[in-house]
file target_4.csv (CSV, C-alpha atoms)
chain,number,residue,atom,x,y,z
V,436,MET,CA,125.1,101.6,106.5
V,437,THR,CA,125.8,98.0,107.4
V,438,THR,CA,126.0,96.8,111.0
V,439,THR,CA,128.1,93.7,111.6
V,440,PHE,CA,128.2,91.6,114.7
V,441,PRO,CA,130.3,88.5,115.5
V,442,LEU,CA,128.1,85.4,115.3
V,443,PRO,CA,128.3,81.8,116.4
V,444,ALA,CA,129.7,79.5,113.8
V,445,VAL,CA,126.3,77.9,113.3
V,446,PHE,CA,125.1,81.0,111.5
V,447,ALA,CA,128.3,81.4,109.4
V,448,THR,CA,127.0,79.5,106.4
V,449,LYS,CA,123.7,81.4,106.3
V,450,ARG,CA,123.2,83.3,103.2
V,451,LEU,CA,122.6,86.9,104.3
V,452,PRO,CA,120.8,89.7,102.6
V,453,SER,CA,122.8,91.2,99.8
V,454,VAL,CA,122.3,94.5,98.0
V,455,GLY,CA,118.8,94.8,96.8
V,456,PHE,CA,117.0,93.1,99.8
V,457,SER,CA,114.4,95.0,101.6
V,458,PRO,CA,114.5,95.2,105.4
V,459,GLY,CA,111.9,92.5,105.7
V,460,GLN,CA,113.7,90.1,103.3
V,461,ARG,CA,115.9,87.8,105.3
V,462,SER,CA,115.9,84.1,105.9
V,463,ARG,CA,113.3,82.5,108.1
V,464,GLY,CA,116.0,80.4,109.7
V,465,GLN,CA,117.8,83.3,111.3
V,466,THR,CA,117.4,84.0,114.9
V,467,GLY,CA,117.2,87.5,116.4
V,468,ALA,CA,121.0,87.5,116.8
V,469,ALA,CA,121.5,86.5,113.2
V,470,LEU,CA,119.2,89.2,112.0
V,471,LEU,CA,121.5,91.8,113.4
V,472,HIS,CA,124.2,90.6,111.0
V,473,SER,CA,124.4,92.8,107.9
V,474,VAL,CA,121.2,94.7,108.1
V,475,ASP,CA,120.9,97.4,105.4
V,476,ALA,CA,119.6,100.8,106.5
V,477,PRO,CA,116.1,101.6,105.1
V,478,ASP,CA,117.3,104.7,103.3
V,479,LYS,CA,120.0,102.7,101.5
V,480,VAL,CA,117.5,100.0,100.6
V,481,ALA,CA,115.1,102.7,99.3
V,482,ALA,CA,117.9,104.1,97.2
V,483,VAL,CA,118.8,100.7,95.9
V,484,ALA,CA,115.1,100.0,95.0
V,485,ASP,CA,115.0,103.3,93.1
V,486,SER,CA,118.1,102.6,91.3
V,487,ASP,CA,116.7,99.2,90.1
V,488,GLN,CA,113.9,101.1,88.5
V,489,GLU,CA,116.4,103.6,87.0
V,490,LEU,CA,118.5,100.7,85.7
V,491,MET,CA,115.5,99.2,84.0
V,492,LYS,CA,114.7,102.5,82.4
V,493,ARG,CA,118.3,102.8,81.1
V,494,ILE,CA,118.3,99.2,79.9
V,495,GLY,CA,115.1,99.9,78.0
V,496,GLN,CA,117.0,102.6,76.2
V,497,GLY,CA,119.7,100.1,75.2
V,498,ASP,CA,122.3,100.9,77.9
V,499,ARG,CA,124.5,97.8,78.3
V,500,SER,CA,126.4,99.2,81.3
V,501,ALA,CA,123.0,99.4,83.2
V,502,CYS,CA,122.3,95.8,82.3
V,503,GLN,CA,125.8,94.9,83.6
V,504,LEU,CA,125.0,96.6,86.9
V,505,LEU,CA,121.7,94.8,87.2
V,506,VAL,CA,123.3,91.4,86.4
V,507,GLU,CA,126.0,92.0,89.1
V,508,ARG,CA,123.4,93.0,91.6
V,509,HIS,CA,120.9,90.2,91.2
V,510,LEU,CA,122.8,87.3,89.6
V,511,ASP,CA,123.7,85.6,92.9
V,512,ARG,CA,120.0,85.4,94.0
V,513,MET,CA,118.8,84.3,90.6
V,514,LEU,CA,121.3,81.6,90.4
V,515,ALA,CA,120.8,80.4,93.9
V,516,PHE,CA,117.0,80.4,93.5
V,517,ALA,CA,117.2,78.5,90.2
V,518,GLU,CA,119.7,76.0,91.5
V,519,ARG,CA,117.7,75.2,94.6
V,520,THR,CA,114.6,74.9,92.5
V,521,LEU,CA,116.1,72.7,89.8
V,522,GLY,CA,118.9,71.0,91.7
V,523,ASN,CA,121.2,71.4,88.8
V,524,ARG,CA,124.0,74.0,88.4
V,525,SER,CA,124.2,74.1,84.6
V,526,GLU,CA,120.5,74.4,84.2
V,527,ALA,CA,120.4,77.1,86.9
V,528,GLU,CA,123.0,79.1,84.9
V,529,GLU,CA,120.9,78.8,81.8
V,530,VAL,CA,117.9,80.1,83.7
V,531,ALA,CA,119.9,83.0,85.0
V,532,GLN,CA,121.1,83.7,81.5
V,533,GLU,CA,117.5,83.6,80.2
V,534,VAL,CA,116.2,85.9,83.0
V,535,PHE,CA,118.7,88.6,82.1
V,536,THR,CA,118.2,88.1,78.4
V,537,ARG,CA,114.5,88.8,79.0
V,538,VAL,CA,115.3,91.9,81.0
V,539,TRP,CA,117.5,93.1,78.1
V,540,LEU,CA,114.8,92.5,75.5
V,541,HIS,CA,111.8,93.6,77.4
V,542,ALA,CA,113.0,96.4,79.7
V,543,SER,CA,111.6,99.0,77.4
V,544,ARG,CA,108.1,97.8,78.2
V,545,TRP,CA,108.8,97.8,82.0
V,546,LYS,CA,106.2,99.8,84.0
V,547,PRO,CA,107.5,100.9,87.4
V,548,THR,CA,104.1,100.9,88.9
V,549,GLU,CA,103.4,97.2,88.2
V,550,ALA,CA,105.9,95.5,90.6
V,551,ARG,CA,109.3,95.8,92.1
V,552,VAL,CA,112.1,94.7,89.8
V,553,THR,CA,113.2,91.9,92.1
V,554,THR,CA,109.7,90.6,92.3
V,555,TRP,CA,109.5,90.5,88.5
V,556,LEU,CA,112.9,88.9,88.2
V,557,PHE,CA,111.9,86.1,90.6
V,558,ARG,CA,108.7,85.6,88.8
V,559,VAL,CA,110.5,85.2,85.5
V,560,ALA,CA,113.0,82.9,87.1
V,561,MET,CA,110.3,80.8,88.7
V,562,ASN,CA,108.4,80.4,85.4
V,563,LEU,CA,111.5,79.4,83.6
V,564,CYS,CA,112.2,76.8,86.3
V,565,LEU,CA,108.7,75.5,86.1
V,566,ASN,CA,109.0,75.1,82.3
V,567,ARG,CA,112.1,73.1,82.7
V,568,ILE,CA,110.6,70.9,85.5
V,569,ALA,CA,107.6,70.2,83.2
V,570,LYS,CA,110.0,69.2,80.4
V,571,HIS,CA,111.8,66.8,82.7
V,572,ARG,CA,108.7,65.4,84.4
V,573,GLU,CA,108.9,62.1,82.5
V,574,VAL,CA,112.3,61.5,84.0
V,575,THR,CA,111.9,59.6,87.2
V,576,LEU,CA,113.5,60.9,90.4
V,577,GLU,CA,115.8,58.0,90.6
V,578,GLY,CA,117.1,58.6,87.2
V,579,ARG,CA,117.7,62.3,87.9
V,580,ALA,CA,121.3,63.5,88.1
V,581,GLU,CA,122.3,64.3,91.7
V,582,PRO,CA,123.3,67.9,92.4
V,583,THR,CA,127.0,68.0,91.5
V,584,SER,CA,127.9,70.4,94.2
V,585,LEU,CA,126.4,68.4,97.0
V,586,GLN,CA,127.5,64.8,96.4
V,587,PRO,CA,127.8,62.9,99.7
V,588,GLN,CA,131.5,62.6,100.7
V,589,PRO,CA,133.0,60.0,103.0
V,590,GLY,CA,134.8,60.9,106.2
V,591,ALA,CA,133.9,62.8,109.3
V,592,ILE,CA,135.0,66.1,107.9
V,593,ALA,CA,132.3,65.7,105.3
V,594,ALA,CA,129.5,65.1,107.9
V,595,LYS,CA,128.1,68.6,107.4
V,596,LYS,CA,128.2,68.2,103.6
V,597,GLU,CA,126.4,64.9,104.0
V,598,LEU,CA,123.6,66.4,106.0
V,599,SER,CA,123.5,69.2,103.4
V,600,TRP,CA,123.3,66.6,100.7
V,601,HIS,CA,120.3,64.9,102.4
V,602,VAL,CA,118.6,68.2,103.0
V,603,ASN,CA,119.0,69.1,99.3
V,604,ARG,CA,117.7,65.8,98.2
V,605,ALA,CA,114.7,66.1,100.5
V,606,LEU,CA,114.1,69.5,99.1
V,607,GLN,CA,114.3,68.2,95.5
V,608,GLU,CA,111.8,65.5,96.3
V,609,LEU,CA,109.1,68.0,97.3
V,610,PRO,CA,106.5,68.9,94.7
V,611,GLU,CA,107.9,71.9,92.8
V,612,LYS,CA,105.5,74.5,94.1
V,613,GLN,CA,106.2,73.5,97.7
V,614,ARG,CA,109.9,73.7,96.9
V,615,ILE,CA,109.6,77.1,95.3
V,616,ALA,CA,107.5,78.4,98.3
V,617,ILE,CA,110.2,77.3,100.8
V,618,ASN,CA,112.9,78.5,98.5
V,619,LEU,CA,111.4,82.0,98.3
V,620,CYS,CA,110.5,82.3,101.9
V,621,HIS,CA,113.3,80.5,103.7
V,622,TYR,CA,116.3,80.9,101.5
V,623,GLU,CA,115.5,84.1,99.7
V,624,GLY,CA,113.8,85.8,102.6
V,625,TRP,CA,110.6,86.9,101.0
V,626,LYS,CA,107.6,87.4,103.2
V,627,ASN,CA,104.7,85.1,102.6
V,628,ARG,CA,102.6,87.8,100.9
V,629,GLU,CA,105.5,88.7,98.7
V,630,ALA,CA,106.0,85.1,97.7
V,631,ALA,CA,102.3,84.9,96.9
V,632,GLU,CA,102.8,87.9,94.6
V,633,ILE,CA,105.7,86.2,92.9
V,634,MET,CA,103.9,82.9,92.5
V,635,ASN,CA,100.7,84.7,91.5
V,636,LEU,CA,98.8,82.8,94.2
V,637,SER,CA,96.7,83.9,97.2
V,638,LEU,CA,98.4,84.2,100.6
V,639,GLU,CA,96.4,81.2,101.9
V,640,ALA,CA,97.6,79.1,99.0
V,641,VAL,CA,101.2,80.0,99.6
V,642,GLU,CA,100.9,79.3,103.3
V,643,SER,CA,99.4,76.0,102.5
V,644,LEU,CA,102.3,75.1,100.3
V,645,LEU,CA,104.8,76.2,103.0
V,646,ALA,CA,103.0,74.1,105.6
V,647,ARG,CA,102.9,71.0,103.5
V,648,GLY,CA,106.4,71.5,102.3
V,649,ARG,CA,107.8,71.8,105.9
V,650,ARG,CA,105.8,68.8,107.0
V,651,GLY,CA,107.2,66.8,104.0
V,652,LEU,CA,110.7,67.9,104.8
V,653,LYS,CA,110.4,67.0,108.4
V,654,GLU,CA,109.2,63.6,107.5
V,655,LYS,CA,112.0,63.0,105.0
V,656,LEU,CA,114.7,64.3,107.3
V,657,SER,CA,113.5,62.3,110.3
V,658,LYS,CA,114.7,59.2,108.4
V,659,ILE,CA,118.3,60.5,108.5
V,660,GLY,CA,120.4,59.0,111.3
V,661,PRO,CA,120.1,61.1,114.5
V,662,GLU,CA,123.9,61.0,114.8
V,663,LEU,CA,124.1,63.1,111.6
V,664,LEU,CA,121.7,65.6,112.9
V,665,GLN,CA,123.2,65.8,116.3
V,666,GLY,CA,126.7,66.0,114.9
V,667,GLU,CA,125.6,69.2,113.1
V,668,ALA,CA,124.0,70.7,116.3
U,810,MET,CA,95.0,75.1,124.9
U,811,LYS,CA,94.6,72.6,122.1
U,812,THR,CA,93.5,75.5,119.8
U,813,GLN,CA,96.5,77.6,120.9
U,814,LEU,CA,98.8,74.7,120.1
U,815,ALA,CA,97.3,74.1,116.7
U,816,ASP,CA,97.6,77.8,116.0
U,817,LEU,CA,101.3,77.7,117.1
U,818,VAL,CA,102.0,74.7,114.9
U,819,ASN,CA,100.3,76.4,112.0
U,820,ILE,CA,102.5,79.6,112.5
U,821,LEU,CA,105.6,77.5,112.7
U,822,GLU,CA,104.8,75.6,109.5
U,823,THR,CA,103.9,78.8,107.6
U,824,SER,CA,106.4,81.2,109.0
U,825,GLY,CA,109.2,79.2,110.5
U,826,SER,CA,110.7,79.3,114.0
U,827,ASN,CA,111.9,82.9,114.0
U,828,PRO,CA,109.2,84.9,116.0
U,829,GLU,CA,110.2,88.0,114.0
U,830,ASN,CA,108.4,86.5,111.0
U,831,TRP,CA,105.3,85.6,112.9
U,832,PRO,CA,102.2,87.8,112.6
U,833,PRO,CA,102.8,90.7,115.0
U,834,ALA,CA,99.2,90.6,116.3
U,835,ILE,CA,99.6,87.2,117.9
U,836,ARG,CA,103.4,87.1,118.6
U,837,ALA,CA,103.1,88.2,122.2
U,838,GLU,CA,100.3,85.8,122.9
U,839,MET,CA,102.3,82.9,121.3
U,840,GLU,CA,105.4,83.7,123.2
U,841,ALA,CA,103.5,83.6,126.5
U,842,PHE,CA,101.9,80.3,125.5
U,843,ILE,CA,105.4,78.9,124.7
U,844,ALA,CA,106.6,79.9,128.1
U,845,SER,CA,103.7,78.1,129.8
U,846,SER,CA,103.5,74.9,127.7
U,847,ALA,CA,105.9,72.1,127.3
U,848,ALA,CA,104.1,70.9,124.2
U,849,ALA,CA,104.5,74.3,122.7
U,850,ARG,CA,108.2,74.3,123.5
U,851,LYS,CA,108.6,70.9,121.9
U,852,ALA,CA,106.9,72.2,118.7
U,853,VAL,CA,109.2,75.2,118.6
U,854,ALA,CA,112.2,73.0,119.1
U,855,GLU,CA,111.2,70.8,116.2
U,856,ALA,CA,110.7,73.9,114.0
U,857,ILE,CA,114.1,75.3,115.0
U,858,GLU,CA,115.7,71.9,114.1
U,859,LEU,CA,114.1,71.9,110.7
U,860,ASP,CA,115.3,75.5,110.0
U,861,ARG,CA,118.8,74.5,111.1
U,862,CYS,CA,118.8,71.6,108.7
U,863,LEU,CA,117.6,73.8,105.9
U,864,ASP,CA,120.4,76.2,106.7
U,865,THR,CA,123.0,73.6,106.2
U,866,LEU,CA,122.7,74.0,102.4
U,867,SER,CA,125.8,75.5,101.0
U,868,GLU,CA,125.8,79.0,99.9
U,869,ILE,CA,125.5,79.1,96.1
U,870,LYS,CA,127.9,81.4,94.4
U,871,PRO,CA,128.1,82.0,90.6
U,872,ALA,CA,131.2,81.1,88.7
U,873,PRO,CA,133.5,84.1,88.4
U,874,ASP,CA,132.9,84.4,84.7
U,875,LEU,CA,129.2,83.8,84.7
U,876,ALA,CA,128.2,87.5,84.7
U,877,ALA,CA,130.6,88.1,81.7
U,878,ARG,CA,129.2,85.1,79.9
U,879,ILE,CA,125.6,86.4,80.4
U,880,LEU,CA,126.5,89.8,79.2
U,881,ALA,CA,128.3,88.5,76.2
U,882,GLY,CA,125.4,86.3,75.3
U,883,LEU,CA,122.8,89.1,75.2
U,884,PRO,CA,121.2,89.2,71.8
U,885,GLN,CA,121.2,92.2,69.5
U,886,ARG,CA,118.2,94.3,70.4
U,887,PRO,CA,115.7,94.7,67.6
U,888,ALA,CA,115.7,98.2,66.1
U,889,ALA,CA,113.1,100.5,67.7
U,890,ARG,CA,110.0,100.6,65.6
U,891,PRO,CA,107.9,103.7,65.4
U,892,ARG,CA,105.0,103.5,67.9
U,893,PRO,CA,101.7,102.6,66.3
U,894,LEU,CA,99.1,105.3,66.3
U,895,ARG,CA,97.0,105.3,69.4
U,896,ARG,CA,93.3,104.7,69.2
U,897,GLY,CA,92.5,108.4,69.5
U,898,ALA,CA,94.9,109.4,66.8
U,899,ILE,CA,93.3,106.9,64.4
U,900,PHE,CA,90.2,109.1,64.5
U,901,ALA,CA,91.8,112.5,65.1
U,902,VAL,CA,94.1,112.6,62.1
U,903,PRO,CA,91.4,112.1,59.4
U,904,LEU,CA,89.1,114.5,61.2
U,905,ALA,CA,91.8,117.1,61.3
U,906,ALA,CA,92.5,116.6,57.6
U,907,ALA,CA,88.9,116.9,56.8
U,908,ALA,CA,88.6,120.1,58.8
U,909,ILE,CA,91.6,121.7,57.1
U,910,LEU,CA,90.2,120.9,53.7
U,911,THR,CA,86.8,122.3,54.6
U,912,LEU,CA,88.4,125.6,55.8
U,913,TRP,CA,90.5,125.9,52.7
U,914,LEU,CA,87.6,125.3,50.4
U,915,GLY,CA,85.6,127.9,52.3
U,916,GLN,CA,88.2,130.5,51.8
U,917,THR,CA,88.9,129.9,48.1
U,918,GLY,CA,85.4,129.1,46.8
U,919,PRO,CA,84.7,126.3,44.2
U,920,VAL,CA,87.4,125.6,41.7
U,921,PRO,CA,86.2,126.3,38.1
U,922,LEU,CA,86.5,123.1,36.2
U,923,THR,CA,86.4,124.7,32.7
U,924,SER,CA,88.7,127.6,33.5
U,925,GLY,CA,90.1,129.0,30.2
U,926,ALA,CA,88.3,126.5,28.0
U,927,PRO,CA,85.3,127.1,25.8
U,928,GLU,CA,82.0,126.6,27.6
U,929,ALA,CA,81.3,122.9,27.5
U,930,THR,CA,77.6,122.4,27.9
U,931,ALA,CA,75.1,120.3,26.0
U,932,SER,CA,72.3,122.3,24.4
U,933,PHE,CA,70.0,122.8,21.4
U,934,LYS,CA,71.0,125.6,19.0
U,935,PHE,CA,69.5,127.0,15.8
U,936,GLU,CA,71.9,127.1,12.9
U,937,ASP,CA,70.3,128.2,9.6
U,938,ASP,CA,66.8,127.4,10.9
U,939,THR,CA,68.0,123.9,11.9
U,940,LEU,CA,67.8,122.7,15.4
U,941,VAL,CA,71.2,121.3,16.4
U,942,TRP,CA,72.0,119.3,19.5
U,943,GLU,CA,75.5,120.2,20.5
U,944,MET,CA,77.4,118.0,22.9
U,945,PRO,CA,80.3,119.2,25.1
U,946,SER,CA,82.6,117.0,23.1
U,947,ASP,CA,81.8,118.8,19.9
U,948,VAL,CA,83.5,121.9,21.3
U,949,LEU,CA,86.8,120.0,21.1
U,950,LEU,CA,86.3,119.5,17.3
U,951,ASN,CA,85.6,123.2,16.6
U,952,VAL,CA,89.2,124.3,16.6
U,953,ALA,CA,89.3,127.3,14.3
U,954,SER,CA,92.9,127.0,13.2
U,955,LEU,CA,92.6,123.5,11.8
U,956,ASP,CA,91.7,123.1,8.1
U,957,PRO,CA,91.3,119.5,7.2
U,958,VAL,CA,92.3,120.2,3.6
U,959,ASP,CA,95.1,122.7,3.9
U,960,ASP,CA,96.7,120.9,6.7
U,961,VAL,CA,97.2,117.6,4.9
U,962,PRO,CA,100.9,116.7,5.1
U,963,GLU,CA,102.8,117.2,1.9
U,964,PHE,CA,104.0,114.2,-0.1
U,965,ASP,CA,106.6,114.2,-2.7
U,966,CYS,CA,105.2,113.5,-6.1
U,967,PHE,CA,107.2,112.4,-9.1
U,968,TYR,CA,104.4,111.8,-11.5
U,969,GLU,CA,101.9,114.6,-11.5
U,970,GLU,CA,99.7,112.7,-14.0
U,971,LEU,CA,98.9,110.2,-11.3
U,972,GLY,CA,97.1,113.0,-9.5
U,973,CYS,CA,99.0,113.3,-6.3
U,974,PHE,CA,99.0,116.4,-4.1
U,975,GLY,CA,102.1,118.4,-3.3
U,976,SER,CA,103.5,121.8,-3.1
U,977,THR,CA,104.4,123.6,-6.3
U,978,GLU,CA,108.0,123.8,-5.2
U,979,ASN,CA,108.2,120.1,-4.7
U,980,ARG,CA,106.4,119.4,-7.8
U,981,GLU,CA,108.8,121.6,-9.9
U,982,SER,CA,111.9,120.0,-8.4
U,983,SER,CA,110.4,116.6,-8.9
U,984,LEU,CA,109.7,117.3,-12.6
U,985,MET,CA,113.2,118.6,-13.1
U,986,LEU,CA,114.6,115.5,-11.6
U,987,THR,CA,112.3,113.3,-13.7
U,988,SER,CA,113.2,115.0,-17.0
U,989,ARG,CA,116.9,114.8,-16.2
U,990,ASN,CA,116.6,111.1,-15.6
U,991,LEU,CA,114.6,110.6,-18.7
U,992,THR,CA,117.3,112.4,-20.9

call {"tool": "encode", "arguments": {"input": "target_4.csv", "output": "structure tokens"}}
result
Amino acid sequence: MTTTFPLPAVFATKRLPSVGFSPGQRSRGQTGAALLHSVDAPDKVAAVADSDQELMKRIGQGDRSACQLLVERHLDRMLAFAERTLGNRSEAEEVAQEVFTRVWLHASRWKPTEARVTTWLFRVAMNLCLNRIAKHREVTLEGRAEPTSLQPQPGAIAAKKELSWHVNRALQELPEKQRIAINLCHYEGWKNREAAEIMNLSLEAVESLLARGRRGLKEKLSKIGPELLQGEA
Amino acid sequence: MKTQLADLVNILETSGSNPENWPPAIRAEMEAFIASSAAARKAVAEAIELDRCLDTLSEIKPAPDLAARILAGLPQRPAARPRPLRRGAIFAVPLAAAAILTLWLGQTGPVPLTSGAPEATASFKFEDDTLVWEMPSDVLLNVASLDPVDDVPEFDCFYEELGCFGSTENRESSLMLTSRNLT
């Protein structure tokens, strides 16, 4: 059952939990009011979690329709995570493709007791992103292509998009592990300990990445004109 | 108070501005501290501002055909291979085979190797007061039905004076043929 409340416009752009989220998985940026928006009942979430496992079992037996269901259920999150980590849409699409290809090829070896399906999917996506970042490391940040979907646009109407562009740029300038930690915890709504599991790090290490990442973002964004920030408020 | 402020800043940096994400054990304490401290409220306001900036990022939606492209691009799965024997089976299968063989041998007794054949043993024998050492392979030569002279294959013989062997019948017909040719 989904409960929906009208929210102020400031929350309208927030990405909200979709099917497959656990009750604890929602953005850190949401306030208590925003948290009331689209909250899945625990019994539904449990059923969804079970069906992820069931889907993996069926995929392992070669069932393409089960794979289609899993793709439809998790593609949004895989793509968003990869795009925010890599800052590039086409590469993010390739990562999403690769994630589901691995699901298809390796689902028969899936052991339900090891981890949740979503945790595993994010871990695969993260590793694929880190591989790509390592390959592109020699490319300087200045020479890197700007995110196509967030190019700064002239005009007052584009003020929000401009702020968004600066935020995205600041995020892309963070070291990749700090970026991934913020991506997982802020945007994808994982708890710190769950992010630690995905990143195969200790809780302390992830919290250190989060703290350094947020400090870095604050410093970078403080250079943006206050009129841009206040215009958004 | 400095310690509390440092703790609050640490929580804001690791868990964001939403108190619901803070550790439950210290949430009430921190909320009381925020209510009583201007510095704490300033720290919270900065954290809220940062979260608000982060939330301005556009929602990322996949292209309408991306799911279909992903599904179309799935490779052919390799054919399922039979599972390799587990470690236990590696030992269990030969042991079971050996046990079955042992039981079978126990029921049937030893298989006679010379069944139906003459006794093939090496031994000394007296033949006409002569001691003879007889080897198992000699038995094979003592086939009673074989006469090395009588069983020589017949050859046709045209000229008896040359001393060739041959049956009487053949010899007669050969002679007749020879005499006809000569006349």

call {"tool": "closest_residue", "arguments": {"input": "target_4.csv", "among": "V:Ala616, V:Val552, V:Leu521, V:Val602", "to": "chain U", "atoms": "only C-alpha atoms"}}
result
V:Val602

call {"tool": "interface_residues", "arguments": {"input": "target_4.csv", "of": "chain U", "to": "chain V", "cutoff": "7 Å", "atoms": "all atoms listed in the file", "output": "list in words"}}
result
Glu822, Thr823, Gly825, Ser826, Asn827, Asn830, Leu859, Asp860, Arg861, Cys862, Leu863, Asp864, Thr865, Leu866, Ser867, Glu868, Ile869, Lys870, Pro871, Ala876, Ile879, Leu880, Leu883 and Arg886 of chain U

call {"tool": "atom_distance", "arguments": {"input": "target_4.csv", "atom1": "CA of Arg836 (chain U)", "atom2": "CA of Glu632 (chain V)"}}
result
24.0 Å

call {"tool": "closest_residue", "arguments": {"input": "target_4.csv", "among": "V:His571, V:Arg628, V:Met561, V:Ser525", "to": "Pro832 (chain U)", "atoms": "all atoms listed in the file"}}
result
V:Arg628

call {"tool": "atom_distance", "arguments": {"input": "target_4.csv", "atom1": "CA of Arg558 (chain V)", "atom2": "CA of Gly522 (chain V)"}}
result
18.0 Å
